[in-house]
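Below is one structure, written out as structure tokens, with a few remarks after it.
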Amino acid sequence: LAATQTIQDMFNKWFPEFQKIQIQAEGGLSDEIRRTADVGVFFSGGVDSFYTLLKHQDEITKIIFVHGFDILLERTSLRSKVSKEIRKIARELGKSLIEVEINVHELFDQYADFVKHYGGSVLPSIGLLLSPQFRKIYIPASNPYDYLFPDSSHPLLDPLWSTEILTFEHDGCEANRIEKIVRITQSEIAIRTLRVCFNNRDDSYNCGQCEKCLRTMVGLHVVGALERCTTFNQKLDIDAVSRIEIDRDCILQYPEENLRVLEDSGNDPALAEALRFSINSYKYKKIA
């Protein structure tokens with residue numbers, strides 16, 4: 001409650017279209033609240049959340065998987081498939097699993113952009129609902145410290161949702177995407193269950209064709225682990241890489257990271273050229 005003014009100040013500077021309002025609410029803790037030692041992590045099965053889970057594996061006791069966050073509620077077949085894999089991950093790593101359903105897209109997409117404006121606040125909202133079960137919850141970072149920008153999940157913002165009994169920690173900014181991929185490929189359960197796709201064409205676990213799949217496949221290839229990652233059924237298509245449509249600056253970091261590693265190693269010049277073509281196409285469209 002004490003941080004709500006700072007949260008509003010931050011959002012108003014980042015996104016001036018949102019107005020600050022006066023908030024009045026009662027503070028203080030209920031005597032009925034039971035403190036716990038459990039530590040959680042919001043987990044989707046992707047690169048960022050796997051990195052945080054593995055990094056804090058000894059500390060984390062519970063995994064939180066949110067239906068309706070990146071997979072819409074009506075996609076019941078896909079949700080069932082992903083849920084089955086998440087349960088497998090929790091079981092193999094010896095963690096409890098909490099599954100939550102939310103309908104935030106139905107409520108808020110008409111007012112704000114999910115990724116840019118409000119998606120990041122959804123996770124702390126769920127965490128606060130579950131707060132009697134946790135003393136700390138990790139929120140996996142999407143971007144490294146050298147590539148931060150105004151976002152609904154941010155290392156300056158996420159800790160502000162904390163309360164007297166629950167701490168939120170934005171985790172993983174010390175590593176870029178390639179560094180995270182290197183870490184998770186050391187885990188057999190991660191390499192067998194990795195899920196990054198948002199498109200999920202035909203309810204596929206990873207479609208292997210969208211921008212997010214392709215950039216992850218390139219990253220896995222760059223570190224020599226693509227063939228071990230069984231959740232991608234397609235081979236890496238260099239022509240498809242050259243046609244990757246980068247639609248905003250925050251996505252540009254991923255092909256540029258992959259390209260730097262390829263250029264430094266001198267390996268796979270054809271793939272490097274495909275990445276270069278995709279990057280230059282985006283930069284040309286920006287100035288055209």
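Residues are named by chain letter and number: chains run A, B, ... in the order of the structure tokens, numbers start at 1 in each chain, and ligands are numbered from 1 in the order shown.
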
Cut-off 6 Å: closest region 111-201 of chain A/region 48-52 of chain A atom pairs per residue, using only C-alpha atoms, as a tab-separated table:
residue	atom	partner	partner_atom	distance
A:Pro140	CA	A:Ser49	CA	5.3
A:Lys180	CA	A:Tyr51	CA	5.9
A:Ile184	CA	A:Tyr51	CA	5.9

Requested write-out: C-alpha atoms of the selected residues, as an mmCIF file, in the first residue's frame:
data_model
loop_
_atom_site.group_PDB
_atom_site.id
_atom_site.type_symbol
_atom_site.label_atom_id
_atom_site.label_comp_id
_atom_site.auth_asym_id
_atom_site.auth_seq_id
_atom_site.Cartn_x
_atom_site.Cartn_y
_atom_site.Cartn_z
ATOM 1 C CA PRO A 140 11.698 -14.282 -13.968
ATOM 2 C CA LYS A 180 20.367 -18.398 -19.954
ATOM 3 C CA ILE A 184 19.242 -24.520 -18.950
#

Could you tell me, as a PyMOL selection string, which residues of region 108-278 of chain A DSSP assigns to strand (DSSP E or B) when given the backbone? chain A and resi 136-140+167-171

Pick out the residues sitting within 12 Å of Val82 (chain A), and hand them over as JSON, numbers by chain; count only C-alpha atoms, and ignore anything fewer than 4 positions along from it in its own chain. {"A": [43, 44, 45, 46, 65, 66, 67, 70, 71, 75, 76, 77, 78, 86, 87, 88, 89, 99, 193, 194, 195, 196, 197, 200, 203, 204, 205, 206, 231]}

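The interatomic distance for the pair CA of Thr185 (chain A) and CA of Met217 (chain A) works out to 12.3 Å.
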
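With only C-alpha atoms as the atoms that count, the minimum distance from Val241 (chain A) to the choices A:Gly68, A:Gly172, A:Gly120, A:Gly219 is reached by A:Gly219.
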
Compile a residue-level contact table for region 203-260 of chain A against region 267-288 of chain A at a cut-off of 9 Å, reporting for every qualifying residue the shortest atom pair and its distance in Å to one decimal, with only C-alpha atoms counted, rows ordered by chain and ascending number, as a Markdown table.
| residue | atom | partner | partner_atom | distance |
| --- | --- | --- | --- | --- |
| A:Val218 | CA | A:Leu271 | CA | 8.5 |
| A:Val222 | CA | A:Asn267 | CA | 8.6 |
| A:Ile238 | CA | A:Leu271 | CA | 6.0 |
| A:Asp239 | CA | A:Ala274 | CA | 7.0 |
| A:Ala240 | CA | A:Ala274 | CA | 8.5 |
| A:Val241 | CA | A:Ala274 | CA | 5.9 |
| A:Ser242 | CA | A:Ala274 | CA | 4.2 |
| A:Arg243 | CA | A:Ser278 | CA | 6.0 |
| A:Ile244 | CA | A:Ser278 | CA | 5.9 |
| A:Glu245 | CA | A:Ser278 | CA | 7.0 |
| A:Ile246 | CA | A:Tyr282 | CA | 6.0 |
| A:Asp247 | CA | A:Tyr282 | CA | 7.4 |
| A:Arg248 | CA | A:Tyr282 | CA | 8.5 |
| A:Leu252 | CA | A:Ile279 | CA | 7.2 |
| A:Pro255 | CA | A:Leu275 | CA | 6.3 |
| A:Glu256 | CA | A:Ile279 | CA | 7.5 |
| A:Asn258 | CA | A:Leu275 | CA | 8.0 |
| A:Leu259 | CA | A:Ala272 | CA | 5.8 |
| A:Arg260 | CA | A:Ala272 | CA | 8.7 |

What's the 12 Å shell around Ile137 (chain A), counting only C-alpha atoms, without same-chain residues fewer than 5 positions away, as a VMD selection string? chain A and resid 37 to 43 52 to 53 56 59 to 64 123 to 128 130 to 132 158 to 159 161 to 163 165 to 171

Within 9 Å of Lys235 (chain A), counting only C-alpha atoms, which residues qualify if same-chain residues fewer than 5 places away don't, as a PyMOL selection string? chain A and resi 208+217+226-227

Written selection (N, CA and C atoms) as a short mmCIF file (atom, residue, chain, number, x, y, z; two decimals), in the first residue's frame:
data_model
loop_
_atom_site.label_atom_id
_atom_site.label_comp_id
_atom_site.auth_asym_id
_atom_site.auth_seq_id
_atom_site.Cartn_x
_atom_site.Cartn_y
_atom_site.Cartn_z
N GLY A 208 7.82 -23.91 -34.03
CA GLY A 208 9.07 -23.94 -34.79
C GLY A 208 9.12 -22.97 -35.94
N MET A 217 15.51 -21.45 -31.30
CA MET A 217 16.19 -22.52 -32.02
C MET A 217 17.58 -22.08 -32.45
N LEU A 226 20.64 -27.74 -29.98
CA LEU A 226 19.33 -27.81 -30.64
C LEU A 226 18.87 -29.25 -30.85
N GLU A 227 19.77 -30.12 -31.25
CA GLU A 227 19.38 -31.51 -31.52
C GLU A 227 18.94 -32.23 -30.25
#

Looking only at helix (DSSP H, G or I) from DSSP on the backbone, list the matching residues of region 69-171 of chain A as a ChimeraX atom specification. /A:76-93,104-108,114-129,131-133,145-147,158-161

In Å, how far is it from CA of Ala225 (chain A) to CA of Tyr138 (chain A)?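 A separation of 26.6 Å between them.
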
Can you pull out every residue within 10 Å of Arg228 (chain A), counting only C-alpha atoms, but drop anything in the same chain fewer than 5 positions away, and send it as a PyMOL selection string? chain A and resi 185+188+191-192+220-221

Could you write out that same residue set with N, CA, C and O atoms as a short mmCIF file (atom, residue, chain, number, x, y, z; two decimals), in the first residue's frame?
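Final output, saved to result03.cif:
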data_model
loop_
_atom_site.label_atom_id
_atom_site.label_comp_id
_atom_site.auth_asym_id
_atom_site.auth_seq_id
_atom_site.Cartn_x
_atom_site.Cartn_y
_atom_site.Cartn_z
N THR A 185 20.48 -25.68 -20.72
CA THR A 185 20.83 -26.88 -21.48
C THR A 185 21.67 -27.86 -20.67
O THR A 185 21.92 -28.98 -21.10
N GLU A 188 18.65 -31.89 -18.04
CA GLU A 188 17.95 -32.80 -18.96
C GLU A 188 16.45 -32.55 -18.98
O GLU A 188 15.82 -32.62 -20.02
N ILE A 191 15.82 -29.43 -21.15
CA ILE A 191 16.02 -29.62 -22.59
C ILE A 191 14.94 -30.52 -23.19
O ILE A 191 14.65 -30.47 -24.37
N ARG A 192 14.30 -31.33 -22.36
CA ARG A 192 13.23 -32.22 -22.84
C ARG A 192 11.84 -31.59 -22.79
O ARG A 192 10.91 -32.13 -23.39
N LEU A 220 19.75 -22.16 -29.34
CA LEU A 220 20.11 -23.54 -29.01
C LEU A 220 21.15 -24.08 -29.98
O LEU A 220 22.09 -24.79 -29.58
N HIS A 221 21.00 -23.75 -31.26
CA HIS A 221 21.97 -24.18 -32.27
C HIS A 221 23.34 -23.56 -32.01
O HIS A 221 24.38 -24.23 -32.10
#

Taking only C-alpha atoms into account, which of A:Cys207, A:Leu93, A:Leu73, A:Leu157 comes nearest Glu106 (chain A)?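 Closest to Glu106 (chain A), using only C-alpha atoms: A:Leu73.
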
Quick check, in Å to one decimal: how far apart do CA of Val261 (chain A) and CA of Arg183 (chain A) lie? 15.7 Å

I'd like the neighbourhood of region 8-15 of chain A as a list in words, where a residue qualifies if any of its atoms comes within 9 Å (using only C-alpha atoms), though same-chain residues fewer than 2 positions away should be ignored. Ala3, Thr4, Gln5, Thr6, Glu17, Phe18, Gln19, Lys20, Ile21, His117, Pro150, Asp151, Ser152 and Leu157 of chain A

When distances are computed from only C-alpha atoms, which of A:Arg177, A:His105, A:Arg215, A:Lys116 shows the smallest separation from Ser153 (chain A)?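 Nearest to Ser153 (chain A): A:Lys116.
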